[in-house]
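Structure data follow from work.txt (compact mmCIF, C-alpha atoms):
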# COMPACT_ATOMS: atom_id res chain seq x y z
CA MET A 123 -17.91 -16.24 4.89
CA THR A 124 -17.16 -19.88 5.29
CA SER A 125 -14.61 -21.78 3.25
CA ASP A 126 -17.57 -23.85 2.02
CA GLY A 127 -19.00 -20.66 0.63
CA ALA A 128 -15.87 -19.93 -1.37
CA GLU A 129 -16.08 -23.38 -2.92
CA ASN A 130 -19.62 -22.87 -4.21
CA PRO A 131 -19.03 -22.06 -7.89
CA ARG A 132 -21.82 -19.47 -8.11
CA ARG A 133 -20.57 -17.66 -5.00
CA SER A 134 -17.03 -17.73 -6.38
CA GLN A 135 -18.21 -16.36 -9.69
CA ILE A 136 -20.06 -13.53 -7.95
CA ILE A 137 -16.94 -12.67 -5.97
CA GLU A 138 -14.85 -12.63 -9.14
CA VAL A 139 -17.29 -10.33 -10.89
CA ALA A 140 -17.65 -8.05 -7.87
CA THR A 141 -13.88 -7.83 -7.37
CA GLU A 142 -13.33 -6.90 -10.97
CA LEU A 143 -15.94 -4.13 -10.61
CA PHE A 144 -14.59 -2.93 -7.24
CA ASP A 145 -11.11 -2.85 -8.75
CA ARG A 146 -12.14 -0.95 -11.87
CA ARG A 147 -14.81 1.43 -10.52
CA GLY A 148 -14.13 1.46 -6.79
CA TYR A 149 -16.00 -0.36 -4.02
CA HIS A 150 -18.23 2.58 -3.16
CA GLU A 151 -19.22 3.23 -6.77
CA THR A 152 -20.25 -0.38 -7.43
CA THR A 153 -23.92 -1.27 -6.89
CA MET A 154 -25.48 -4.67 -6.23
CA GLN A 155 -27.35 -4.15 -9.52
CA ALA A 156 -24.06 -3.80 -11.41
CA ILE A 157 -22.74 -6.96 -9.74
CA ALA A 158 -25.92 -8.89 -10.66
CA ASP A 159 -25.67 -7.61 -14.25
CA GLY A 160 -22.00 -8.60 -14.42
CA ALA A 161 -22.74 -12.07 -13.10
CA GLY A 162 -25.66 -12.47 -15.52
CA ILE A 163 -28.17 -13.13 -12.74
CA ARG A 164 -31.15 -11.27 -11.34
CA LYS A 165 -30.68 -8.97 -8.40
CA ALA A 166 -33.00 -11.19 -6.31
CA SER A 167 -30.76 -14.17 -7.03
CA LEU A 168 -27.69 -12.18 -6.03
CA TYR A 169 -29.33 -11.47 -2.67
CA TYR A 170 -29.86 -15.19 -2.21
CA TYR A 171 -26.06 -15.62 -2.18
CA PHE A 172 -25.01 -12.40 -0.44
CA ARG A 173 -27.17 -10.27 1.81
CA SER A 174 -25.19 -7.14 0.92
CA LYS A 175 -22.21 -5.74 -0.93
CA GLU A 176 -20.44 -5.67 2.43
CA ASP A 177 -20.88 -9.46 2.70
CA ILE A 178 -19.02 -9.89 -0.58
CA LEU A 179 -16.21 -7.68 0.71
CA VAL A 180 -16.05 -9.70 3.93
CA GLU A 181 -15.74 -12.97 2.04
CA LEU A 182 -13.01 -11.52 -0.17
CA HIS A 183 -10.97 -10.46 2.86
CA GLU A 184 -11.40 -13.72 4.72
CA THR A 185 -10.65 -15.84 1.67
CA LEU A 186 -7.35 -14.11 0.96
CA MET A 187 -6.07 -14.45 4.51
CA THR A 188 -7.23 -18.07 4.71
CA VAL A 189 -5.38 -18.91 1.48
CA VAL A 190 -1.99 -17.54 2.49
CA ILE A 191 -2.18 -18.73 6.09
CA ARG A 192 -3.07 -22.23 4.95
CA GLN A 193 -0.30 -22.34 2.35
CA HIS A 194 2.26 -21.47 5.00
CA SER A 195 0.80 -23.78 7.64
CA ASP A 196 0.82 -26.71 5.21
CA ARG A 197 4.49 -26.14 4.39
CA LEU A 198 5.38 -25.81 8.07
CA ALA A 199 3.57 -29.08 8.78
CA ALA A 200 5.44 -30.79 5.91
CA GLY A 201 8.67 -29.58 7.54
CA ARG A 202 10.86 -29.83 4.46
CA LEU A 203 12.00 -26.23 3.96
CA GLY A 204 14.53 -24.20 5.92
CA PRO A 205 13.87 -20.56 6.87
CA PRO A 206 15.22 -18.86 3.72
CA ASP A 207 13.15 -21.13 1.46
CA LEU A 208 10.10 -20.72 3.69
CA LEU A 209 10.47 -16.97 3.40
CA ARG A 210 10.73 -17.14 -0.38
CA ALA A 211 7.65 -19.38 -0.48
CA MET A 212 5.65 -16.85 1.57
CA MET A 213 6.68 -14.08 -0.80
CA ARG A 214 5.61 -16.27 -3.73
CA ASP A 215 2.27 -16.97 -1.99
CA VAL A 216 1.34 -13.34 -1.46
CA ILE A 217 2.71 -11.99 -4.74
CA GLY A 218 1.13 -15.01 -6.45
CA LEU A 219 -2.28 -13.64 -5.42
CA MET A 220 -1.73 -11.01 -8.09
CA GLU A 221 -2.16 -13.83 -10.62
CA SER A 222 -4.47 -16.26 -8.83
CA HIS A 223 -6.78 -13.57 -7.40
CA PRO A 224 -6.38 -10.54 -9.69
CA GLY A 225 -7.67 -7.29 -8.20
CA HIS A 226 -8.25 -8.85 -4.78
CA LEU A 227 -5.18 -7.38 -3.08
CA ARG A 228 -6.10 -3.81 -4.00
CA ILE A 229 -9.58 -4.27 -2.58
CA PHE A 230 -8.12 -6.06 0.43
CA PHE A 231 -5.84 -3.17 1.34
CA GLU A 232 -7.90 -0.22 0.18
CA SER A 233 -11.39 -1.22 1.34
CA TYR A 234 -10.47 -2.45 4.79
CA ARG A 235 -12.23 0.53 6.37
CA ALA A 236 -15.48 -0.33 4.59
CA LEU A 237 -15.67 -3.60 6.58
CA PRO A 238 -18.01 -3.88 9.56
CA LEU A 239 -16.10 -3.46 12.82
CA ASP A 240 -16.25 -7.08 13.99
CA VAL A 241 -14.89 -8.29 10.66
CA ARG A 242 -12.17 -5.65 10.71
CA GLU A 243 -11.05 -7.01 14.05
CA SER A 244 -11.01 -10.56 12.77
CA VAL A 245 -9.12 -9.62 9.59
CA SER A 246 -6.73 -7.47 11.60
CA ALA A 247 -6.06 -10.45 13.91
CA GLN A 248 -5.33 -12.64 10.88
CA ARG A 249 -2.98 -10.03 9.47
CA SER A 250 -1.15 -9.88 12.79
CA ALA A 251 -0.97 -13.67 12.88
CA TYR A 252 0.52 -13.70 9.41
CA ARG A 253 3.09 -11.06 10.37
CA ARG A 254 4.04 -13.22 13.35
CA MET A 255 4.49 -16.17 10.99
CA VAL A 256 6.95 -14.09 8.98
CA THR A 257 8.73 -12.99 12.16
CA ASP A 258 8.92 -16.60 13.37
CA VAL A 259 10.60 -17.67 10.13
CA LEU A 260 13.10 -14.85 10.50
CA VAL A 261 13.88 -15.70 14.13
CA ALA A 262 14.23 -19.41 13.27
CA GLY A 263 16.63 -18.45 10.48
CA GLN A 264 18.68 -16.31 12.82
CA LYS A 265 19.01 -19.23 15.26
CA GLU A 266 20.25 -21.42 12.42
CA GLY A 267 22.70 -18.75 11.26
CA GLU A 268 20.85 -18.30 7.97
CA PHE A 269 19.91 -14.68 8.65
CA ALA A 270 21.97 -11.84 10.11
CA ASP A 271 21.31 -10.38 13.52
CA VAL A 272 18.78 -7.77 12.35
CA ASP A 273 15.66 -6.67 14.22
CA PRO A 274 13.20 -9.43 13.22
CA GLU A 275 10.17 -7.16 13.65
CA MET A 276 11.61 -4.56 11.29
CA ALA A 277 12.72 -7.29 8.89
CA ALA A 278 9.19 -8.74 8.92
CA ILE A 279 7.85 -5.30 8.05
CA ALA A 280 10.34 -5.12 5.19
CA VAL A 281 9.13 -8.51 3.90
CA LEU A 282 5.50 -7.43 4.10
CA SER A 283 6.27 -4.09 2.44
CA LEU A 284 7.98 -5.75 -0.50
CA MET A 285 5.25 -8.31 -1.08
CA ASN A 286 2.18 -6.24 -0.28
CA TRP A 287 3.24 -3.22 -2.33
CA THR A 288 3.22 -5.32 -5.51
CA TYR A 289 -0.51 -4.65 -5.81
CA GLN A 290 0.41 -1.06 -6.62
CA TRP A 291 2.75 -1.78 -9.52
CA PHE A 292 2.68 -5.43 -10.67
CA ARG A 293 0.94 -5.99 -14.01
CA ARG A 294 0.06 -9.46 -15.25
CA SER A 295 0.86 -8.20 -18.72
CA GLY A 296 4.36 -7.15 -17.60
CA PRO A 297 7.67 -8.84 -18.37
CA LEU A 298 7.97 -10.83 -15.11
CA THR A 299 5.72 -13.49 -13.59
CA ALA A 300 4.63 -13.11 -9.98
CA GLU A 301 7.06 -15.88 -9.02
CA GLU A 302 9.96 -14.14 -10.76
CA VAL A 303 9.12 -10.90 -8.96
CA ALA A 304 8.93 -12.74 -5.64
CA ASP A 305 12.31 -14.38 -6.22
CA ARG A 306 14.01 -11.14 -7.19
CA LEU A 307 12.64 -9.23 -4.23
CA TRP A 308 13.62 -12.11 -1.92
CA GLN A 309 17.14 -12.10 -3.36
CA MET A 310 17.40 -8.34 -2.86
CA LEU A 311 16.13 -8.62 0.68
CA LEU A 312 18.71 -11.31 1.47
CA ASN A 313 21.73 -9.66 -0.12
CA GLY A 314 20.88 -5.97 0.01
CA ILE A 315 22.00 -3.47 -2.57
CA ALA A 316 25.40 -2.56 -1.09
CA PRO A 317 28.40 -4.33 -2.65
CA ARG A 318 29.29 -7.54 -0.77
CA MET B 72 -4.16 23.41 -6.66
CA THR B 73 -1.34 25.90 -6.79
CA SER B 74 1.50 26.04 -4.31
CA ASP B 75 0.17 29.50 -3.41
CA GLY B 76 -3.04 27.79 -2.42
CA ALA B 77 -1.28 25.48 -0.03
CA GLU B 78 0.31 28.48 1.65
CA ASN B 79 -3.02 30.18 2.37
CA PRO B 80 -3.61 29.35 6.06
CA ARG B 81 -7.37 28.87 5.70
CA ARG B 82 -6.93 26.51 2.73
CA SER B 83 -4.26 24.59 4.63
CA GLN B 84 -6.52 24.32 7.66
CA ILE B 85 -9.37 23.00 5.51
CA ILE B 86 -7.09 20.41 3.97
CA GLU B 87 -5.91 19.32 7.42
CA VAL B 88 -9.48 18.94 8.66
CA ALA B 89 -10.61 17.15 5.51
CA THR B 90 -7.66 14.76 5.56
CA GLU B 91 -8.32 13.85 9.15
CA LEU B 92 -11.96 13.10 8.26
CA PHE B 93 -11.06 11.20 5.08
CA ASP B 94 -8.55 9.17 7.09
CA ARG B 95 -10.94 8.37 9.92
CA ARG B 96 -14.25 7.90 8.06
CA GLY B 97 -13.16 7.34 4.47
CA TYR B 98 -13.18 9.76 1.56
CA HIS B 99 -16.54 8.64 0.22
CA GLU B 100 -18.26 8.86 3.60
CA THR B 101 -17.09 12.42 4.28
CA THR B 102 -19.40 15.25 3.24
CA MET B 103 -18.59 18.89 2.53
CA GLN B 104 -20.89 19.71 5.46
CA ALA B 105 -18.74 17.61 7.80
CA ILE B 106 -15.60 19.34 6.52
CA ALA B 107 -17.18 22.76 7.05
CA ASP B 108 -18.26 21.76 10.57
CA GLY B 109 -14.77 20.41 11.35
CA ALA B 110 -13.15 23.62 10.11
CA GLY B 111 -15.62 25.75 12.06
CA ILE B 112 -16.83 27.60 8.99
CA ARG B 113 -20.09 27.75 7.07
CA LYS B 114 -20.59 25.50 4.09
CA ALA B 115 -20.85 28.54 1.81
CA SER B 116 -17.43 29.70 3.02
CA LEU B 117 -15.97 26.25 2.38
CA TYR B 118 -17.18 26.45 -1.23
CA TYR B 119 -15.37 29.77 -1.55
CA TYR B 120 -12.07 27.92 -0.99
CA PHE B 121 -12.84 24.62 -2.73
CA ARG B 122 -15.45 24.04 -5.39
CA SER B 123 -15.83 20.40 -4.37
CA LYS B 124 -14.54 17.61 -2.18
CA GLU B 125 -12.66 16.38 -5.21
CA ASP B 126 -10.77 19.69 -5.36
CA ILE B 127 -9.53 19.11 -1.81
CA LEU B 128 -8.37 15.64 -2.78
CA VAL B 129 -6.59 17.02 -5.83
CA GLU B 130 -4.73 19.58 -3.74
CA LEU B 131 -3.72 16.92 -1.22
CA HIS B 132 -2.24 14.74 -3.96
CA GLU B 133 -0.41 17.53 -5.70
CA THR B 134 0.97 18.98 -2.47
CA LEU B 135 2.50 15.68 -1.36
CA MET B 136 4.24 15.04 -4.67
CA THR B 137 5.45 18.65 -4.85
CA VAL B 138 6.94 18.42 -1.35
CA VAL B 139 9.01 15.28 -1.90
CA ILE B 140 10.09 16.17 -5.43
CA ARG B 141 11.24 19.61 -4.28
CA GLN B 142 13.13 18.20 -1.27
CA HIS B 143 15.06 15.88 -3.53
CA SER B 144 15.65 18.48 -6.26
CA ASP B 145 16.99 20.97 -3.72
CA ARG B 146 19.46 18.41 -2.39
CA LEU B 147 20.56 17.44 -5.88
CA ALA B 148 21.11 21.12 -6.70
CA ALA B 149 23.17 21.55 -3.52
CA GLY B 150 25.29 18.59 -4.67
CA ARG B 151 26.72 17.70 -1.30
CA LEU B 152 25.46 14.13 -0.80
CA GLY B 153 26.60 10.91 -2.45
CA PRO B 154 24.10 8.30 -3.68
CA PRO B 155 23.71 6.29 -0.46
CA ASP B 156 23.04 9.44 1.57
CA LEU B 157 20.70 10.77 -1.11
CA LEU B 158 18.78 7.54 -0.95
CA ARG B 159 18.50 7.71 2.82
CA ALA B 160 17.33 11.32 2.56
CA MET B 161 14.56 10.33 0.13
CA MET B 162 13.41 7.61 2.49
CA ARG B 163 13.39 10.15 5.32
CA ASP B 164 11.39 12.57 3.14
CA VAL B 165 8.62 10.13 2.30
CA ILE B 166 8.44 8.40 5.67
CA GLY B 167 8.67 11.85 7.28
CA LEU B 168 5.31 12.68 5.67
CA MET B 169 3.80 10.33 8.28
CA GLU B 170 4.72 12.99 10.84
CA SER B 171 4.55 16.23 8.84
CA HIS B 172 1.36 15.32 6.93
CA PRO B 173 -0.43 12.73 9.11
CA GLY B 174 -3.12 10.78 7.29
CA HIS B 175 -2.17 12.21 3.90
CA LEU B 176 -0.31 9.16 2.61
CA ARG B 177 -3.26 6.84 3.20
CA ILE B 178 -5.55 9.17 1.30
CA PHE B 179 -2.90 9.63 -1.36
CA PHE B 180 -2.62 5.93 -2.06
CA GLU B 181 -6.15 4.77 -1.37
CA SER B 182 -8.18 7.54 -2.98
CA TYR B 183 -6.20 7.84 -6.18
CA ARG B 184 -9.09 6.37 -8.16
CA ALA B 185 -11.46 9.03 -6.86
CA LEU B 186 -9.43 11.70 -8.68
CA PRO B 187 -10.69 13.15 -11.97
CA LEU B 188 -8.92 11.53 -14.92
CA ASP B 189 -6.75 14.51 -15.91
CA VAL B 190 -5.45 14.87 -12.36
CA ARG B 191 -4.81 11.13 -12.15
CA GLU B 192 -2.61 11.44 -15.20
CA SER B 193 -0.72 14.36 -13.75
CA VAL B 194 -0.22 12.64 -10.37
CA SER B 195 0.74 9.42 -12.10
CA ALA B 196 3.35 11.34 -14.14
CA GLN B 197 4.74 12.84 -10.93
CA ARG B 198 4.90 9.41 -9.30
CA SER B 199 6.78 8.08 -12.33
CA ALA B 200 9.13 11.06 -12.20
CA TYR B 201 9.82 10.36 -8.54
CA ARG B 202 10.49 6.68 -9.24
CA ARG B 203 12.95 7.74 -11.92
CA MET B 204 14.66 10.00 -9.39
CA VAL B 205 15.12 6.97 -7.13
CA THR B 206 16.38 4.88 -10.05
CA ASP B 207 18.82 7.65 -11.05
CA VAL B 208 20.30 7.71 -7.53
CA LEU B 209 20.70 3.93 -7.66
CA VAL B 210 22.37 4.00 -11.08
CA ALA B 211 24.67 6.83 -10.00
CA GLY B 212 25.62 4.81 -6.92
CA GLN B 213 26.37 1.76 -9.06
CA LYS B 214 28.70 3.82 -11.26
CA GLU B 215 30.54 5.01 -8.16
CA GLY B 216 30.75 1.46 -6.78
CA GLU B 217 28.53 2.34 -3.83
CA PHE B 218 25.76 -0.08 -4.83
CA ALA B 219 25.98 -3.64 -6.09
CA ASP B 220 25.12 -4.61 -9.64
CA VAL B 221 21.41 -5.19 -9.00
CA ASP B 222 18.55 -4.37 -11.38
CA PRO B 223 18.05 -0.65 -10.61
CA GLU B 224 14.37 -0.75 -11.62
CA MET B 225 13.65 -3.58 -9.18
CA ALA B 226 15.77 -1.89 -6.50
CA ALA B 227 13.78 1.33 -7.00
CA ILE B 228 10.59 -0.64 -6.52
CA ALA B 229 12.03 -2.09 -3.31
CA VAL B 230 12.85 1.42 -2.06
CA LEU B 231 9.34 2.65 -2.86
CA SER B 232 7.77 -0.43 -1.27
CA LEU B 233 9.66 0.07 1.98
CA MET B 234 8.88 3.75 2.25
CA ASN B 235 5.35 3.82 0.90
CA TRP B 236 4.11 0.86 2.94
CA THR B 237 4.85 2.72 6.18
CA TYR B 238 1.43 4.36 5.89
CA GLN B 239 -0.04 0.95 6.64
CA TRP B 240 1.80 0.33 9.89
CA PHE B 241 3.69 3.37 11.20
CA ARG B 242 2.13 4.99 14.26
CA ARG B 243 3.27 8.39 15.51
CA SER B 244 2.63 7.06 19.01
CA GLY B 245 4.99 4.13 18.38
CA PRO B 246 8.51 3.62 19.73
CA LEU B 247 10.39 4.92 16.65
CA THR B 248 10.37 8.30 14.95
CA ALA B 249 9.83 8.45 11.20
CA GLU B 250 13.52 9.25 10.76
CA GLU B 251 14.56 6.22 12.82
CA VAL B 252 12.27 4.00 10.76
CA ALA B 253 13.71 5.44 7.53
CA ASP B 254 17.28 4.84 8.70
CA ARG B 255 16.60 1.25 9.75
CA LEU B 256 14.85 0.37 6.52
CA TRP B 257 17.65 2.02 4.54
CA GLN B 258 20.24 0.04 6.48
CA MET B 259 18.34 -3.20 5.85
CA LEU B 260 18.02 -2.40 2.17
CA LEU B 261 21.76 -1.75 1.91
CA ASN B 262 22.98 -4.78 3.85
CA GLY B 263 20.18 -7.27 3.41
CA ILE B 264 19.23 -9.85 6.02
CA ALA B 265 21.64 -12.64 5.01
CA PRO B 266 24.83 -12.86 7.10
CA ARG B 267 27.70 -10.87 5.55

Is it possible to give me this structure as structure tokens?
Amino acid sequence: MTSDGAENPRRSQIIEVATELFDRRGYHETTMQAIADGAGIRKASLYYYFRSKEDILVELHETLMTVVIRQHSDRLAAGRLGPPDLLRAMMRDVIGLMESHPGHLRIFFESYRALPLDVRESVSAQRSAYRRMVTDVLVAGQKEGEFADVDPEMAAIAVLSLMNWTYQWFRRSGPLTAEEVADRLWQMLLNGIAPR
Amino acid sequence: MTSDGAENPRRSQIIEVATELFDRRGYHETTMQAIADGAGIRKASLYYYFRSKEDILVELHETLMTVVIRQHSDRLAAGRLGPPDLLRAMMRDVIGLMESHPGHLRIFFESYRALPLDVRESVSAQRSAYRRMVTDVLVAGQKEGEFADVDPEMAAIAVLSLMNWTYQWFRRSGPLTAEEVADRLWQMLLNGIAPR
């Protein structure tokens, strides 16, 4: 995948259709024929855009990581937010994928092992980089006295758990928007559930 | 699956072997032949214990839910622990599955959609029942002044996120035991990461 690829409207449409099918039927159960049918194109045309179903999965993975890493990097470069707000923004970014990229997070987490090995390594490296970004925000906040003296690695895992697990339970038809969910989980993470 | 089934040593061994293969290669990529080979039995013998690969998956799902629901019910019946300790115990139960049932949680969460519909409904009902058990502990703790006045539904989701997501990152070869991880996440959930 290249970011150019993701900006080609036909490629994007194919990814949307494929993701919806992967999400509903499962990655393994979805055929290239079903994706072509869903996109309203011929199978030969589909193969012009993607050599295989695996290629679609690869682009989905790389797109998601690129989106959230770029959102955070842009905010860091702008330099306007302190650590607690940066952390909330990251939680909004990832949980926001449930609305901006419906179905993608389930495929991202559950079809990782269907990726070719070299792509797995690259995606795994991006996931580690993102976890370090979370840890860095936590450590910066500790230095500024905004966060307590907790283990930043374990706190980063807690952040990732709260935001990543939303793919298992968040429904776009539910009572809360993704941003509201992000803000409530962030608040709970900051204050905890014990009385203050 | 019946709980009797899980106590038959040959059935248990087959489930162990199958889970290890599902975890390593993926559920869809694992054949009954590979499971028979891994268990050191003939394919015909495997079919005596399980009619299909799906049956093995069903038993895995039902066993896990039965284990954690029973652990909690037994403690409730004993009536010795207050809400914060009950909550910690539940986190130890689920995260403890990473050690007592290695590989099972990944299969549990990632192969849910490969279950036949009627079993999905039954597992989904058990998952809801377990979430309600967590919510009940939180509400009880709020009544006793042990927990702050947070939304118990959202707090239950936070508890489940922290414990369920361990399957994505916890390694038995890592520096912390499952119990240590459970206790640290519980502590973080109680106190939060903002300075007190």

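All residues of protein, DNA or RNA that reach within 9 Å of B:Val208, judged by all atoms listed in the file and not counting those fewer than 4 positions away in the chain, are B:Gly153, B:Pro154, B:Pro155, B:Leu157, B:Leu158, B:Arg203, B:Met204, B:Gly212, B:Gln213.
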
- Using all atoms listed in the file, determine which residues of chain B fall within 10 Å of chain A; present them as a PyMOL selection string. chain B and resi 94-100+155+177-178+180-182+184-185+209+212-213+216-223+225-226+228-237+239-240+252+255-267

- Task: Work out how far atom CA of A:Arg133 is from atom CA of A:Tyr171, in Å to one decimal.
- Result: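 So the answer is 6.5 Å.
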
- Message: What's around stretch 101-113 of chain B at 10 Å? Count only C-alpha atoms, leave out sequence neighbours fewer than 6 positions away in its own chain, and write the answer as a ChimeraX atom specification.
- Response: /B:81,84-95,121-124

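If you look at atom CA of B:Pro187 and atom CA of A:Glu176, they are 25.6 Å away from each other.
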
Tell me, as a PDB file with C-alpha atoms, in the coordinates of the input, which residues lie within 10 Å of A:His183, counting only C-alpha atoms; anything in the same chain fewer than 5 positions away does not count.
ATOM      1  CA  MET A 123     -17.910 -16.240   4.890  1.00  0.00           C
ATOM      2  CA  ASP A 177     -20.880  -9.460   2.700  1.00  0.00           C
ATOM      3  CA  ILE A 178     -19.020  -9.890  -0.580  1.00  0.00           C
ATOM      4  CA  THR A 188      -7.230 -18.070   4.710  1.00  0.00           C
ATOM      5  CA  HIS A 226      -8.250  -8.850  -4.780  1.00  0.00           C
ATOM      6  CA  LEU A 227      -5.180  -7.380  -3.080  1.00  0.00           C
ATOM      7  CA  ILE A 229      -9.580  -4.270  -2.580  1.00  0.00           C
ATOM      8  CA  PHE A 230      -8.120  -6.060   0.430  1.00  0.00           C
ATOM      9  CA  PHE A 231      -5.840  -3.170   1.340  1.00  0.00           C
ATOM     10  CA  SER A 233     -11.390  -1.220   1.340  1.00  0.00           C
ATOM     11  CA  TYR A 234     -10.470  -2.450   4.790  1.00  0.00           C
ATOM     12  CA  LEU A 237     -15.670  -3.600   6.580  1.00  0.00           C
ATOM     13  CA  VAL A 241     -14.890  -8.290  10.660  1.00  0.00           C
ATOM     14  CA  ARG A 242     -12.170  -5.650  10.710  1.00  0.00           C
ATOM     15  CA  SER A 244     -11.010 -10.560  12.770  1.00  0.00           C
ATOM     16  CA  VAL A 245      -9.120  -9.620   9.590  1.00  0.00           C
TER      17      VAL A 245
END

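Relative to atom CA of B:Ser144, atom CA of B:Glu215 is found at 20.2 Å.
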
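If you measure from each of B:Ala227, B:Val205, B:Ala196, B:Met169 to B:Ala253 using all atoms listed in the file, the closest one turns out to be B:Met169.
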